[in-house]
Amino acid sequence: MRISKFAIPEIIFGRGSIVHLASCAKRLGARRVLVVTDQGLTAAGWVDRVLEILRDNGLSWVLYDTIDRNPRDYQIHEGAAIYAREHADVIIAVGGGSPMDAAKGIATIIGNGGRINDYEGANRIMRPLPPPSSCRPPPAPARTSPSSAS
């Protein structure tokens, strides 16, 4: 019989909770953060606020903001390559479902290797998902409508 454990992540929410982003990342061991998002949120200024918080708290970062709606496999692999090349140690997703899905895919590849298609289906990931990841959706008015795949 195989036993599995699911650990519920820490969830901090509410108006102004973004100020806790850097301290949460530091608790995960962050020194250099891969920030995963899309160009719409970058243009809207939300990403600048995240980068400012990271910088003000002594964390360096690398930005990957070319995620499409319903991320493509090549974007996951590109993000994993950036993570490795830039020596990132934590991933933060800024945005809705697509940046969050991309960040989870990148973490899967970094933690388990292979190609993202290797993990299609249930129970295909056998190791936990290092690197630590954090997802930060924008406030409700900035969100786009969810897709059926979200």
# chains A, B, ... in the order shown; residues from 1 in each chain; ligands from 1

$ select_by_dssp --residues "segment 30-123 of chain A" --states "strand (DSSP E)" --output "VMD selection string"
chain A and resid 32 to 36 60 to 64 90 to 94

$ residues_around --residues "segment 120-124 of chain A" --least-positions-apart "2" --cutoff "12 Å" --atoms "only C-alpha atoms" --output "PyMOL selection string"
chain A and resi 2+4+73+105+108+112+114-118+126-128

$ residues_around --residues "segment 35-49 of chain A" --least-positions-apart "5" --cutoff "7 Å" --atoms "only C-alpha atoms" --output "list in words"
Trp61, Val62, Leu63, Tyr64, Asp65, Thr66, Ile67, Asp68, Ile91, Ile92, Ala93, Val94, Gly95, Pro99 and Ala103 of chain A

$ write_last_selection --atoms "C-alpha atoms" --output "short mmCIF file (atom, residue, chain, number, x, y, z; two decimals), in the first residue's frame"
data_model
loop_
_atom_site.label_atom_id
_atom_site.label_comp_id
_atom_site.auth_asym_id
_atom_site.auth_seq_id
_atom_site.Cartn_x
_atom_site.Cartn_y
_atom_site.Cartn_z
CA TRP A 61 14.76 38.43 -9.35
CA VAL A 62 14.50 37.45 -12.99
CA LEU A 63 11.30 38.18 -14.91
CA TYR A 64 9.63 35.73 -17.28
CA ASP A 65 6.56 37.57 -18.57
CA THR A 66 5.79 36.01 -21.94
CA ILE A 67 3.24 33.45 -20.74
CA ASP A 68 0.28 33.00 -23.08
CA ILE A 91 9.19 30.78 -8.27
CA ILE A 92 6.51 33.43 -7.81
CA ALA A 93 3.55 33.51 -10.18
CA VAL A 94 1.81 36.87 -10.58
CA GLY A 95 -1.56 36.61 -12.23
CA PRO A 99 0.90 32.26 -14.94
CA ALA A 103 4.81 28.26 -12.62
#

$ residues_around --residues "segment 53-58 of chain A" --least-positions-apart "2" --cutoff "9 Å" --atoms "only C-alpha atoms" --output "VMD selection string"
chain A and resid 18 to 23 25 31 33 48 to 51 60 to 61

$ select_by_dssp --residues "segment 20-136 of chain A" --states "alpha helix (DSSP H)" --output "ChimeraX atom specification"
/A:21-27,39-44,46-56,73-85,97-112

$ atom_distance --atom1 "atom CA of Gly79 of chain A" --atom2 "atom CA of Leu34 of chain A"
8.5 Å

$ closest_residue --among "A:His77, A:Gly16, A:Arg69, A:Ala88" --to "Gly113 of chain A" --atoms "only C-alpha atoms"
A:His77

$ atom_distance --atom1 "atom CA of Arg72 of chain A" --atom2 "atom CA of Met100 of chain A"
13.0 Å

$ atom_distance --atom1 "atom CA of Ile82 of chain A" --atom2 "atom CA of Phe13 of chain A"
28.9 Å
